[in-house]
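Here is the file query19.cif (mmCIF, C-alpha atoms).
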```cif
data_data
loop_
_atom_site.label_atom_id
_atom_site.label_comp_id
_atom_site.auth_asym_id
_atom_site.auth_seq_id
_atom_site.Cartn_x
_atom_site.Cartn_y
_atom_site.Cartn_z
CA MET A 962 26.67 26.51 -9.19
CA LYS A 963 29.19 25.25 -6.66
CA ASP A 964 28.00 23.29 -3.65
CA LYS A 965 28.14 25.13 -0.35
CA ALA A 966 30.75 24.43 2.31
CA ILE A 967 31.36 25.75 5.81
CA VAL A 968 34.97 26.64 6.66
CA LEU A 969 36.19 27.01 10.23
CA LEU A 970 38.49 30.00 10.05
CA SER A 971 40.84 31.22 12.79
CA GLY A 972 42.93 33.38 10.49
CA GLY A 973 46.05 31.28 11.02
CA LEU A 974 48.20 29.64 8.37
CA ASP A 975 46.39 26.29 8.45
CA SER A 976 42.76 27.41 8.42
CA SER A 977 43.45 30.10 5.81
CA THR A 978 45.08 27.51 3.56
CA ALA A 979 42.14 25.16 4.09
CA LEU A 980 39.80 27.99 3.03
CA PHE A 981 41.69 28.70 -0.18
CA ILE A 982 41.72 24.98 -1.02
CA ALA A 983 37.99 24.69 -0.28
CA LYS A 984 37.00 27.72 -2.31
CA LYS A 985 38.30 26.11 -5.46
CA LEU A 986 35.54 23.54 -5.10
CA HIS A 987 32.80 25.20 -3.10
CA LYS A 988 30.91 28.34 -2.31
CA CYS A 989 32.40 28.85 1.14
CA HIS A 990 30.79 30.31 4.24
CA CYS A 991 33.31 31.02 7.00
CA LEU A 992 32.68 30.62 10.71
CA ILE A 993 34.92 32.66 12.98
CA PHE A 994 34.81 32.14 16.74
CA ASP A 995 35.23 34.71 19.45
CA TYR A 996 35.72 32.27 22.34
CA GLY A 997 37.46 34.55 24.77
CA GLN A 998 40.93 34.54 23.23
CA LYS A 999 43.23 36.96 25.04
CA HIS A 1000 43.72 39.04 21.90
CA ILE A 1001 41.58 40.10 18.96
CA ARG A 1002 44.41 40.14 16.45
CA GLU A 1003 43.41 36.60 15.46
CA LEU A 1004 39.78 37.61 14.90
CA ASN A 1005 40.77 40.59 12.79
CA SER A 1006 42.99 38.35 10.68
CA ALA A 1007 40.19 35.86 10.16
CA VAL A 1008 37.79 38.57 8.99
CA LYS A 1009 40.41 40.00 6.63
CA ILE A 1010 41.17 36.57 5.17
CA ALA A 1011 37.47 35.80 4.65
CA LYS A 1012 37.01 39.10 2.84
CA LEU A 1013 40.09 38.58 0.67
CA ALA A 1014 38.78 35.12 -0.21
CA GLY A 1015 35.51 36.75 -1.26
CA CYS A 1016 33.51 34.63 1.18
CA ASP A 1017 30.66 35.30 3.56
CA TYR A 1018 31.55 35.01 7.21
CA LYS A 1019 29.81 34.92 10.55
CA ILE A 1020 31.44 35.65 13.89
CA ILE A 1021 30.14 33.41 16.66
CA LYS A 1022 30.47 34.98 20.08
CA MET A 1023 30.85 32.09 22.46
CA CYS A 1024 30.07 32.00 26.12
CA PHE A 1025 32.84 29.96 27.76
CA PRO A 1026 32.29 30.42 31.47
CA TRP A 1027 34.87 27.94 32.67
CA LYS A 1028 38.61 28.04 32.81
CA GLY A 1029 41.31 25.60 31.91
CA SER A 1030 43.34 26.99 29.02
CA SER A 1031 46.17 29.49 28.90
CA LEU A 1032 44.61 30.85 25.68
CA THR A 1033 41.55 32.08 27.56
CA ASP A 1034 42.43 32.19 31.25
CA ASP A 1035 44.01 35.42 32.48
CA GLY A 1036 45.55 33.52 35.38
CA LEU A 1037 47.66 31.33 33.10
CA ASN A 1038 50.62 32.43 30.98
CA ILE A 1039 51.03 31.09 27.47
CA PRO A 1040 53.93 28.64 27.80
CA TYR A 1041 57.15 28.37 25.86
CA HIS A 1042 58.35 24.81 25.17
CA PRO A 1043 61.62 23.43 23.84
CA ARG A 1044 61.00 22.30 20.24
CA LYS A 1045 61.47 18.62 21.08
CA LYS A 1046 58.63 18.77 23.57
CA ILE A 1047 56.07 20.35 21.22
CA GLY A 1048 53.35 17.86 20.29
CA LYS A 1049 54.50 15.21 22.77
CA SER A 1050 51.80 15.90 25.34
CA VAL A 1051 48.72 18.09 25.64
CA PRO A 1052 49.89 21.59 26.65
CA ASP A 1053 47.81 24.05 28.64
CA THR A 1054 47.06 26.04 25.49
CA TYR A 1055 44.53 23.28 24.83
CA VAL A 1056 41.00 24.67 25.15
CA PRO A 1057 38.77 21.85 26.41
CA GLY A 1058 36.43 20.59 23.71
CA ARG A 1059 37.06 23.59 21.49
CA ASN A 1060 37.08 21.90 18.10
CA THR A 1061 34.07 19.80 19.10
CA ILE A 1062 32.10 22.97 19.81
CA PHE A 1063 33.35 24.71 16.66
CA ILE A 1064 32.41 21.76 14.47
CA SER A 1065 29.03 21.45 16.17
CA TYR A 1066 28.19 25.03 15.24
CA ALA A 1067 29.36 24.29 11.71
CA VAL A 1068 27.09 21.24 11.59
CA SER A 1069 24.15 23.37 12.62
CA PHE A 1070 25.00 26.05 10.05
CA ALA A 1071 25.49 23.39 7.36
CA GLU A 1072 22.10 21.84 8.08
CA ALA A 1073 20.44 25.25 8.09
CA ILE A 1074 21.80 26.31 4.68
CA GLY A 1075 22.10 22.90 3.00
CA ALA A 1076 25.91 22.66 2.93
CA LYS A 1077 27.38 19.17 2.81
CA LYS A 1078 31.02 19.85 3.65
CA ILE A 1079 32.77 21.33 6.66
CA TYR A 1080 36.43 22.24 6.19
CA ILE A 1081 38.85 22.49 9.08
CA GLY A 1082 42.58 23.06 8.81
CA ALA A 1083 43.45 20.58 11.55
CA ASN A 1084 46.89 19.07 11.36
CA ALA A 1085 48.30 16.03 13.17
CA VAL A 1086 51.94 16.23 12.13
CA ASP A 1087 53.56 19.54 13.10
CA PHE A 1088 51.02 20.41 15.78
CA SER A 1089 50.71 21.13 19.47
CA GLY A 1090 49.49 17.68 20.51
CA TYR A 1091 45.81 18.48 20.92
CA PRO A 1092 43.49 15.42 21.08
CA ASP A 1093 40.91 17.12 18.85
CA CYS A 1094 43.35 17.21 15.94
CA SER A 1095 43.80 13.45 15.38
CA PRO A 1096 42.61 11.61 12.25
CA GLN A 1097 40.70 9.19 14.51
CA TYR A 1098 38.78 12.08 16.03
CA TYR A 1099 37.59 13.29 12.63
CA ALA A 1100 36.70 9.77 11.49
CA ALA A 1101 34.61 9.38 14.64
CA PHE A 1102 32.98 12.77 14.10
CA ASN A 1103 32.05 11.88 10.53
CA ASN A 1104 30.47 8.70 11.84
CA LEU A 1105 28.48 10.76 14.36
CA LEU A 1106 27.19 13.01 11.58
CA LYS A 1107 25.60 10.06 9.78
CA PHE A 1108 23.22 9.71 12.72
CA GLY A 1109 22.94 13.15 14.26
CA THR A 1110 21.71 15.21 11.32
CA LYS A 1111 18.46 15.38 9.41
CA ARG A 1112 19.84 14.20 6.07
CA GLY A 1113 22.95 12.35 7.26
CA ASP A 1114 24.97 13.77 4.36
CA ILE A 1115 27.35 16.24 6.04
CA LYS A 1116 31.04 15.41 6.07
CA ILE A 1117 34.08 17.04 7.66
CA GLU A 1118 37.01 17.54 5.29
CA ILE A 1119 40.54 17.70 6.71
CA PRO A 1120 42.80 18.45 3.73
CA LEU A 1121 45.86 19.23 5.88
CA ILE A 1122 45.62 16.51 8.50
CA LYS A 1123 48.69 14.57 7.31
CA LYS A 1124 50.69 17.46 5.86
CA THR A 1125 53.92 18.71 7.37
CA LYS A 1126 54.11 22.44 8.07
CA LYS A 1127 56.51 22.70 5.12
CA GLU A 1128 53.87 21.18 2.84
CA ILE A 1129 51.21 23.51 4.23
CA VAL A 1130 53.41 26.54 3.50
CA ASN A 1131 53.91 25.28 -0.04
CA LEU A 1132 50.15 24.78 -0.45
CA ALA A 1133 49.55 28.30 0.87
CA PHE A 1134 51.80 29.67 -1.88
CA LYS A 1135 50.23 27.40 -4.49
CA TYR A 1136 46.72 28.60 -3.62
CA SER A 1137 47.77 32.25 -3.25
CA VAL A 1138 46.80 32.57 0.41
CA PRO A 1139 47.38 36.22 1.44
CA LEU A 1140 49.88 35.16 4.08
CA LYS A 1141 50.75 38.63 5.29
CA TYR A 1142 47.26 38.93 6.75
CA THR A 1143 47.31 35.58 8.56
CA TRP A 1144 48.11 35.35 12.26
CA SER A 1145 49.35 32.19 14.01
CA CYS A 1146 50.93 33.52 17.21
CA TYR A 1147 49.12 32.65 20.44
CA ARG A 1148 49.80 36.19 21.63
CA GLY A 1149 48.49 39.41 20.14
CA GLY A 1150 50.55 42.47 19.34
CA ASP A 1151 52.04 43.86 16.17
CA VAL A 1152 54.58 41.15 15.47
CA PRO A 1153 54.56 37.43 16.31
CA CYS A 1154 56.28 36.60 19.61
CA GLY A 1155 58.43 34.00 17.85
CA HIS A 1156 58.56 31.72 20.87
CA CYS A 1157 55.13 30.16 21.44
CA ASP A 1158 54.49 26.67 20.02
CA SER A 1159 52.48 28.11 17.17
CA CYS A 1160 55.20 30.59 16.16
CA VAL A 1161 57.92 27.94 16.38
CA LEU A 1162 56.01 25.51 14.15
CA ARG A 1163 55.18 28.24 11.62
CA GLN A 1164 58.79 29.44 11.41
CA GLU A 1165 60.00 25.88 10.91
CA GLY A 1166 57.52 25.40 8.10
CA PHE A 1167 58.56 28.53 6.22
CA SER A 1168 62.21 27.73 6.76
CA ALA A 1169 61.86 24.13 5.52
CA ALA A 1170 59.94 25.33 2.48
CA GLY A 1171 62.64 27.90 1.76
CA LYS A 1172 60.13 30.76 1.90
CA LYS A 1173 60.10 34.03 3.75
CA ASP A 1174 57.24 34.65 6.18
CA PRO A 1175 55.76 38.03 5.16
CA LEU A 1176 54.85 38.65 8.80
CA LEU A 1177 58.50 38.78 9.87
CA MET B 79 32.67 12.50 47.76
CA LYS B 80 30.47 11.89 44.73
CA ASP B 81 31.96 12.11 41.25
CA LYS B 82 30.97 15.15 39.25
CA ALA B 83 28.50 15.02 36.37
CA ILE B 84 27.21 17.58 33.90
CA VAL B 85 23.45 17.56 33.28
CA LEU B 86 21.87 19.20 30.24
CA LEU B 87 18.75 20.81 31.63
CA SER B 88 15.90 22.36 29.65
CA GLY B 89 13.44 22.34 32.51
CA GLY B 90 11.12 19.88 30.77
CA LEU B 91 9.84 16.57 32.12
CA ASP B 92 12.61 14.47 30.59
CA SER B 93 15.69 16.53 31.46
CA SER B 94 14.40 17.25 34.96
CA THR B 95 13.88 13.54 35.55
CA ALA B 96 17.37 12.82 34.21
CA LEU B 97 18.77 15.36 36.68
CA PHE B 98 17.01 13.80 39.67
CA ILE B 99 18.25 10.35 38.60
CA ALA B 100 21.81 11.67 38.14
CA LYS B 101 21.94 13.48 41.46
CA LYS B 102 21.50 10.22 43.33
CA LEU B 103 24.89 9.18 42.00
CA HIS B 104 26.80 12.39 41.29
CA LYS B 105 27.48 15.94 42.26
CA CYS B 106 25.63 17.54 39.38
CA HIS B 107 26.41 20.74 37.51
CA CYS B 108 23.57 21.84 35.23
CA LEU B 109 23.97 23.50 31.85
CA ILE B 110 21.01 25.54 30.65
CA PHE B 111 20.97 26.96 27.12
CA ASP B 112 19.52 30.21 25.97
CA TYR B 113 19.58 29.46 22.25
CA GLY B 114 17.01 31.93 21.07
CA GLN B 115 13.87 30.07 22.10
CA LYS B 116 10.77 32.17 21.50
CA HIS B 117 9.89 32.18 25.20
CA ILE B 118 11.83 32.32 28.45
CA ARG B 119 9.36 30.24 30.42
CA GLU B 120 11.52 27.20 29.66
CA LEU B 121 14.68 28.92 30.94
CA ASN B 122 12.97 30.02 34.13
CA SER B 123 11.78 26.47 34.72
CA ALA B 124 15.27 25.09 34.22
CA VAL B 125 16.76 27.49 36.73
CA LYS B 126 14.03 26.69 39.27
CA ILE B 127 14.53 22.95 38.84
CA ALA B 128 18.31 23.24 39.22
CA LYS B 129 17.84 25.23 42.43
CA LEU B 130 15.29 22.77 43.81
CA ALA B 131 17.71 19.94 43.03
CA GLY B 132 20.37 21.79 45.00
CA CYS B 133 22.71 21.92 42.04
CA ASP B 134 24.99 24.53 40.51
CA TYR B 135 23.93 25.76 37.11
CA LYS B 136 25.32 27.86 34.30
CA ILE B 137 23.27 29.52 31.59
CA ILE B 138 24.98 29.45 28.21
CA LYS B 139 23.87 32.27 25.95
CA MET B 140 24.23 30.92 22.45
CA CYS B 141 24.70 32.87 19.29
CA PHE B 142 22.60 31.09 16.65
CA PRO B 143 22.65 33.43 13.66
CA TRP B 144 20.90 31.16 11.20
CA LYS B 145 17.33 30.12 10.81
CA GLY B 146 15.66 26.81 10.20
CA SER B 147 13.51 25.90 13.20
CA SER B 148 10.06 26.98 14.28
CA LEU B 149 11.36 27.04 17.88
CA THR B 150 13.69 29.92 17.09
CA ASP B 151 12.51 31.51 13.85
CA ASP B 152 9.88 34.22 14.20
CA GLY B 153 8.79 33.58 10.62
CA LEU B 154 7.70 29.99 11.39
CA ASN B 155 4.75 28.95 13.51
CA ILE B 156 5.09 26.03 15.91
CA PRO B 157 3.11 23.26 14.20
CA TYR B 158 0.30 21.08 15.48
CA HIS B 159 0.38 17.47 14.29
CA PRO B 160 -2.14 14.64 14.51
CA ARG B 161 -0.87 12.17 17.15
CA LYS B 162 -0.21 9.42 14.64
CA LYS B 163 2.22 11.66 12.76
CA ILE B 164 4.31 12.64 15.78
CA GLY B 165 7.76 11.03 15.61
CA LYS B 166 7.31 9.69 12.07
CA SER B 167 9.41 12.35 10.40
CA VAL B 168 11.59 15.29 11.45
CA PRO B 169 9.28 18.25 12.17
CA ASP B 170 10.28 21.88 11.77
CA THR B 171 10.62 22.25 15.54
CA TYR B 172 13.96 20.48 15.00
CA VAL B 173 16.81 22.90 15.68
CA PRO B 174 19.73 21.92 13.41
CA GLY B 175 22.56 20.36 15.36
CA ARG B 176 21.18 21.53 18.70
CA ASN B 177 21.99 18.52 20.83
CA THR B 178 25.42 18.24 19.21
CA ILE B 179 26.21 21.80 20.27
CA PHE B 180 24.74 21.31 23.76
CA ILE B 181 26.75 18.14 24.33
CA SER B 182 29.91 19.80 22.98
CA TYR B 183 29.63 22.55 25.58
CA ALA B 184 29.06 19.87 28.22
CA VAL B 185 32.19 18.04 27.05
CA SER B 186 34.21 21.23 27.42
CA PHE B 187 32.75 21.90 30.87
CA ALA B 188 33.36 18.28 31.91
CA GLU B 189 37.00 18.46 30.82
CA ALA B 190 37.47 21.78 32.59
CA ILE B 191 36.14 20.57 35.96
CA GLY B 192 37.09 16.89 35.78
CA ALA B 193 33.60 15.42 35.38
CA LYS B 194 33.33 12.04 33.68
CA LYS B 195 29.61 11.84 32.98
CA ILE B 196 27.22 13.93 30.91
CA TYR B 197 23.52 13.27 31.46
CA ILE B 198 20.90 14.10 28.86
CA GLY B 199 17.21 13.24 29.05
CA ALA B 200 16.95 12.25 25.39
CA ASN B 201 14.20 9.81 24.54
CA ALA B 202 13.71 7.77 21.38
CA VAL B 203 10.29 6.24 22.10
CA ASP B 204 7.63 8.88 22.71
CA PHE B 205 9.51 11.70 20.98
CA SER B 206 9.26 14.15 18.13
CA GLY B 207 11.44 12.25 15.65
CA TYR B 208 14.62 14.28 15.99
CA PRO B 209 17.77 12.60 14.59
CA ASP B 210 19.85 13.75 17.57
CA CYS B 211 17.77 11.63 19.94
CA SER B 212 18.59 8.16 18.59
CA PRO B 213 20.58 5.54 20.54
CA GLN B 214 22.95 5.24 17.56
CA TYR B 215 23.71 8.95 17.78
CA TYR B 216 24.73 8.68 21.43
CA ALA B 217 26.81 5.55 20.81
CA ALA B 218 28.64 7.42 18.04
CA PHE B 219 29.13 10.46 20.29
CA ASN B 220 30.59 8.31 23.05
CA ASN B 221 32.99 6.85 20.52
CA LEU B 222 34.00 10.38 19.48
CA LEU B 223 34.72 11.28 23.09
CA LYS B 224 37.32 8.53 23.37
CA PHE B 225 39.44 10.41 20.86
CA GLY B 226 38.46 14.05 21.19
CA THR B 227 39.21 14.73 24.84
CA LYS B 228 42.38 14.97 26.88
CA ARG B 229 41.75 11.98 29.10
CA GLY B 230 39.31 10.04 26.91
CA ASP B 231 37.20 9.15 29.95
CA ILE B 232 34.02 11.22 29.46
CA LYS B 233 30.79 9.36 28.73
CA ILE B 234 27.27 10.49 27.87
CA GLU B 235 24.55 8.83 29.94
CA ILE B 236 21.05 8.52 28.47
CA PRO B 237 18.93 6.97 31.24
CA LEU B 238 15.61 7.65 29.48
CA ILE B 239 16.47 6.75 25.91
CA LYS B 240 14.31 3.63 25.75
CA LYS B 241 11.61 4.62 28.24
CA THR B 242 8.03 5.33 27.26
CA LYS B 243 6.61 8.65 28.42
CA LYS B 244 4.51 6.69 30.91
CA GLU B 245 7.68 5.18 32.39
CA ILE B 246 9.32 8.62 32.54
CA VAL B 247 6.34 10.04 34.43
CA ASN B 248 6.57 7.14 36.87
CA LEU B 249 10.32 7.75 37.31
CA ALA B 250 9.65 11.44 37.91
CA PHE B 251 7.32 10.53 40.77
CA LYS B 252 9.76 7.91 42.09
CA TYR B 253 12.61 10.43 42.18
CA SER B 254 10.41 13.25 43.54
CA VAL B 255 10.91 15.60 40.60
CA PRO B 256 9.11 18.88 41.40
CA LEU B 257 6.87 18.48 38.35
CA LYS B 258 4.83 21.60 38.91
CA TYR B 259 7.90 23.68 38.07
CA THR B 260 8.77 21.81 34.88
CA TRP B 261 7.76 23.13 31.46
CA SER B 262 7.45 20.99 28.33
CA CYS B 263 5.27 23.12 26.03
CA TYR B 264 6.99 24.53 22.94
CA ARG B 265 5.12 27.79 23.56
CA GLY B 266 5.45 30.10 26.50
CA GLY B 267 2.59 31.56 28.50
CA ASP B 268 1.00 30.69 31.82
CA VAL B 269 -0.47 27.33 30.91
CA PRO B 270 0.68 24.69 28.39
CA CYS B 271 -0.96 25.06 24.97
CA GLY B 272 -2.01 21.41 25.06
CA HIS B 273 -1.65 20.95 21.32
CA CYS B 274 2.03 21.06 20.36
CA ASP B 275 3.88 17.72 19.99
CA SER B 276 5.55 18.16 23.35
CA CYS B 277 2.28 18.84 25.18
CA VAL B 278 0.53 15.92 23.49
CA LEU B 279 3.31 13.48 24.43
CA ARG B 280 3.44 14.76 28.01
CA GLN B 281 -0.33 14.48 28.47
CA GLU B 282 -0.30 10.93 27.10
CA GLY B 283 2.44 9.99 29.53
CA PHE B 284 0.62 11.30 32.58
CA SER B 285 -2.62 9.73 31.42
CA ALA B 286 -1.03 6.32 30.80
CA ALA B 287 0.67 6.47 34.20
CA GLY B 288 -2.65 7.32 35.85
CA LYS B 289 -1.22 10.53 37.30
CA LYS B 290 -2.38 14.11 37.26
CA ASP B 291 -0.08 16.69 35.67
CA PRO B 292 0.31 19.43 38.31
CA LEU B 293 0.64 22.00 35.52
CA LEU B 294 -2.92 21.43 34.32
#
```
Turn this file's structure into structure tokens for me.
Amino acid sequence: MKDKAIVLLSGGLDSSTALFIAKKLHKCHCLIFDYGQKHIRELNSAVKIAKLAGCDYKIIKMCFPWKGSSLTDDGLNIPYHPRKKIGKSVPDTYVPGRNTIFISYAVSFAEAIGAKKIYIGANAVDFSGYPDCSPQYYAAFNNLLKFGTKRGDIKIEIPLIKKTKKEIVNLAFKYSVPLKYTWSCYRGGDVPCGHCDSCVLRQEGFSAAGKKDPLL
Amino acid sequence: MKDKAIVLLSGGLDSSTALFIAKKLHKCHCLIFDYGQKHIRELNSAVKIAKLAGCDYKIIKMCFPWKGSSLTDDGLNIPYHPRKKIGKSVPDTYVPGRNTIFISYAVSFAEAIGAKKIYIGANAVDFSGYPDCSPQYYAAFNNLLKFGTKRGDIKIEIPLIKKTKKEIVNLAFKYSVPLKYTWSCYRGGDVPCGHCDSCVLRQEGFSAAGKKDPLL
């Protein structure tokens, strides 16, 4: 029987690809977070992807009673940036401590069910410049997990951390990720806005890989 | 004006003492967690202590949809242990990853409001043997925070980590902690059960300090 793994799933290109990589090796349990995003399109995509992967999933409803990100704060608009500025500084789409909270829940879930791996589709190449996406951050988190858990045997896996978006698109095709059900846009709606950082990076990736995005 | 700090507050002896130490130096914002404890006595105590300290507080309602601890799982009884066994192994009152999740929320809150310190009343001397109470764990978490936050300037403070329970009781008196409103017992009710690990350790501390516990 395959070992268990927890997969943090947002329903975007990266986390969906991480799930389909992980499920080759593990029995995967997905964690999906409702953290006050302005739209539920992302949540619906995550649930659909988990189901198509044939994996259990849990939706964690998070209480996030402070502001500070344009992804959650009604008073802030999601910004558009020129391509050359994407990833150069921390934009206001950054949700303070978000990945740290997500991973902490995954650690708890992993301890509770005896899983030893936590997969996250974090990427530090074609990304928005968030501090909780760096390789150093994950190395430090893995060090923390040696001390902060009962058995000390839980490890975070970051299969996409050094991949370009082009490589991630190619991996998504290789692992048969159902891309038409993924959602990367920071906005909701029926079609991606095409202009937010996440849309721009996704489009570049498909274009560089010579593939058509089934969402467009 | 004092710098801001976040204080993780359960309403027990240790976290209440940590709050009264922290508020000498900082403008404190308390985080109180409703994580599915079997009783709300603890939550009520935390709110009362925060108010008496003159501090803001937020209650975080956590979704914890997995089992594994006798503090949250109706199918498990809170155990009684002989004194010599307390702290020697991880008991089933351990809630998987709990402090990691609590601190992660505090990190997010700290980033959102510009606080640079997070206080937690963790103790590694007269304690129940939880892995997320060791000095190594907090050192590793502080290392993580250098990478995983926007400014890299948030630090966890653990003023009680190497104190005996006797020393903590003495500090509580020194800092005028309103002890009669604290609650340490793992059970709810009107009076402490006197037999759970937390009660036993608290009673020992008061006894060694030559003080009377106002709850008894």
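A straight line drawn from CA of Leu1106 in chain A to CA of Ser206 in chain B is 19.1 Å long.
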Near chain A, which residues of chain B fall within 8 Å when you count only C-alpha atoms, and what do they look like as a short mmCIF file (atom, residue, chain, number, x, y, z; two decimals) with C-alpha atoms, in the frame of the given file?
```
data_model
loop_
_atom_site.label_atom_id
_atom_site.label_comp_id
_atom_site.auth_asym_id
_atom_site.auth_seq_id
_atom_site.Cartn_x
_atom_site.Cartn_y
_atom_site.Cartn_z
CA LYS B 136 25.32 27.86 34.30
CA ILE B 138 24.98 29.45 28.21
CA LYS B 139 23.87 32.27 25.95
CA MET B 140 24.23 30.92 22.45
CA CYS B 141 24.70 32.87 19.29
CA PHE B 142 22.60 31.09 16.65
CA PRO B 143 22.65 33.43 13.66
CA TRP B 144 20.90 31.16 11.20
CA LYS B 145 17.33 30.12 10.81
CA GLY B 146 15.66 26.81 10.20
CA VAL B 168 11.59 15.29 11.45
CA VAL B 173 16.81 22.90 15.68
CA PRO B 174 19.73 21.92 13.41
CA GLY B 175 22.56 20.36 15.36
CA ARG B 176 21.18 21.53 18.70
CA THR B 178 25.42 18.24 19.21
CA ILE B 179 26.21 21.80 20.27
CA SER B 182 29.91 19.80 22.98
CA TYR B 183 29.63 22.55 25.58
CA VAL B 185 32.19 18.04 27.05
CA SER B 186 34.21 21.23 27.42
CA PHE B 187 32.75 21.90 30.87
CA GLU B 189 37.00 18.46 30.82
CA ALA B 190 37.47 21.78 32.59
CA TYR B 208 14.62 14.28 15.99
CA PRO B 209 17.77 12.60 14.59
CA ASP B 210 19.85 13.75 17.57
CA CYS B 211 17.77 11.63 19.94
CA SER B 212 18.59 8.16 18.59
CA GLN B 214 22.95 5.24 17.56
CA TYR B 215 23.71 8.95 17.78
CA ALA B 218 28.64 7.42 18.04
CA PHE B 219 29.13 10.46 20.29
CA ASN B 221 32.99 6.85 20.52
CA LEU B 222 34.00 10.38 19.48
CA PHE B 225 39.44 10.41 20.86
CA GLY B 226 38.46 14.05 21.19
CA THR B 227 39.21 14.73 24.84
CA LYS B 228 42.38 14.97 26.88
#
```
Margin query: Translate the PyMOL selection byres ((chain A and resi 1038) around 12) into a concrete residue list for this structure, as a PyMOL selection string.
Written below: chain A and resi 999+1029-1037+1039-1041+1052-1054+1147-1148+1157
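What separates CA of Ile993 in chain A from CA of Gly972 in chain A is a distance of 8.4 Å.
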Check: Hey, what's within 10 Å of Ser1145 in chain A if we count all atoms listed in the file and toss same-chain stuff fewer than 5 positions away? As number ranges by chain, please?
Finding: A: 971-976, 1002-1003, 1006, 1153-1154, 1157-1163, 1176
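Across the model, the gap from CA of Ala1014 in chain A to CA of Gly1166 in chain A is 22.7 Å.
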Margin query: So that I can see what lies close to Leu986 in chain A, please list as a count of residues only the residues with an atom at most 9 Å from it, counting only C-alpha atoms and leaving out residues fewer than 6 positions away in the same chain.
Written below: 4
Margin query: Expand the PyMOL selection byres ((chain B and resi 243-252) around 12) into the explicit residue set it covers here, and present it as JSON, numbers by chain.
Written below: {"B": [90, 91, 92, 93, 94, 95, 96, 97, 98, 99, 199, 200, 201, 202, 203, 204, 205, 206, 237, 238, 239, 240, 241, 242, 253, 254, 255, 256, 257, 258, 260, 276, 277, 278, 279, 280, 281, 282, 283, 284, 285, 286, 287, 288, 289, 290, 291, 292]}
Since the input has fewer atoms than a full residue there, write range 1163-1175 of chain A out with N, CA and C atoms, as a PDB file, in the frame of the given file.
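The result, stored in result-v7.pdb:
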```pdb
ATOM      1  N   ARG A1163      55.336  27.462  12.856  1.00  0.00           N
ATOM      2  CA  ARG A1163      55.180  28.240  11.620  1.00  0.00           C
ATOM      3  C   ARG A1163      56.556  28.590  11.012  1.00  0.00           C
ATOM      4  N   GLN A1164      57.443  29.070  11.888  1.00  0.00           N
ATOM      5  CA  GLN A1164      58.790  29.440  11.410  1.00  0.00           C
ATOM      6  C   GLN A1164      59.513  28.256  10.783  1.00  0.00           C
ATOM      7  N   GLU A1165      59.386  27.096  11.449  1.00  0.00           N
ATOM      8  CA  GLU A1165      60.000  25.880  10.910  1.00  0.00           C
ATOM      9  C   GLU A1165      59.478  25.555   9.528  1.00  0.00           C
ATOM     10  N   GLY A1166      58.163  25.710   9.376  1.00  0.00           N
ATOM     11  CA  GLY A1166      57.520  25.400   8.100  1.00  0.00           C
ATOM     12  C   GLY A1166      58.023  26.296   6.977  1.00  0.00           C
ATOM     13  N   PHE A1167      58.055  27.596   7.239  1.00  0.00           N
ATOM     14  CA  PHE A1167      58.560  28.530   6.220  1.00  0.00           C
ATOM     15  C   PHE A1167      60.019  28.234   5.904  1.00  0.00           C
ATOM     16  N   SER A1168      60.782  27.982   6.945  1.00  0.00           N
ATOM     17  CA  SER A1168      62.210  27.730   6.760  1.00  0.00           C
ATOM     18  C   SER A1168      62.423  26.455   5.924  1.00  0.00           C
ATOM     19  N   ALA A1169      61.697  25.393   6.258  1.00  0.00           N
ATOM     20  CA  ALA A1169      61.860  24.130   5.520  1.00  0.00           C
ATOM     21  C   ALA A1169      61.407  24.263   4.075  1.00  0.00           C
ATOM     22  N   ALA A1170      60.437  25.129   3.844  1.00  0.00           N
ATOM     23  CA  ALA A1170      59.940  25.330   2.480  1.00  0.00           C
ATOM     24  C   ALA A1170      60.814  26.330   1.712  1.00  0.00           C
ATOM     25  N   GLY A1171      61.765  26.930   2.406  1.00  0.00           N
ATOM     26  CA  GLY A1171      62.640  27.900   1.760  1.00  0.00           C
ATOM     27  C   GLY A1171      61.925  29.194   1.394  1.00  0.00           C
ATOM     28  N   LYS A1172      60.913  29.543   2.178  1.00  0.00           N
ATOM     29  CA  LYS A1172      60.130  30.760   1.900  1.00  0.00           C
ATOM     30  C   LYS A1172      60.323  31.761   3.040  1.00  0.00           C
ATOM     31  N   LYS A1173      60.052  32.999   2.729  1.00  0.00           N
ATOM     32  CA  LYS A1173      60.100  34.030   3.750  1.00  0.00           C
ATOM     33  C   LYS A1173      58.676  34.274   4.269  1.00  0.00           C
ATOM     34  N   ASP A1174      58.543  34.326   5.593  1.00  0.00           N
ATOM     35  CA  ASP A1174      57.240  34.650   6.180  1.00  0.00           C
ATOM     36  C   ASP A1174      57.004  36.159   6.062  1.00  0.00           C
ATOM     37  N   PRO A1175      55.989  36.579   5.340  1.00  0.00           N
ATOM     38  CA  PRO A1175      55.760  38.030   5.160  1.00  0.00           C
ATOM     39  C   PRO A1175      55.410  38.757   6.443  1.00  0.00           C
TER      40      PRO A1175
END
```
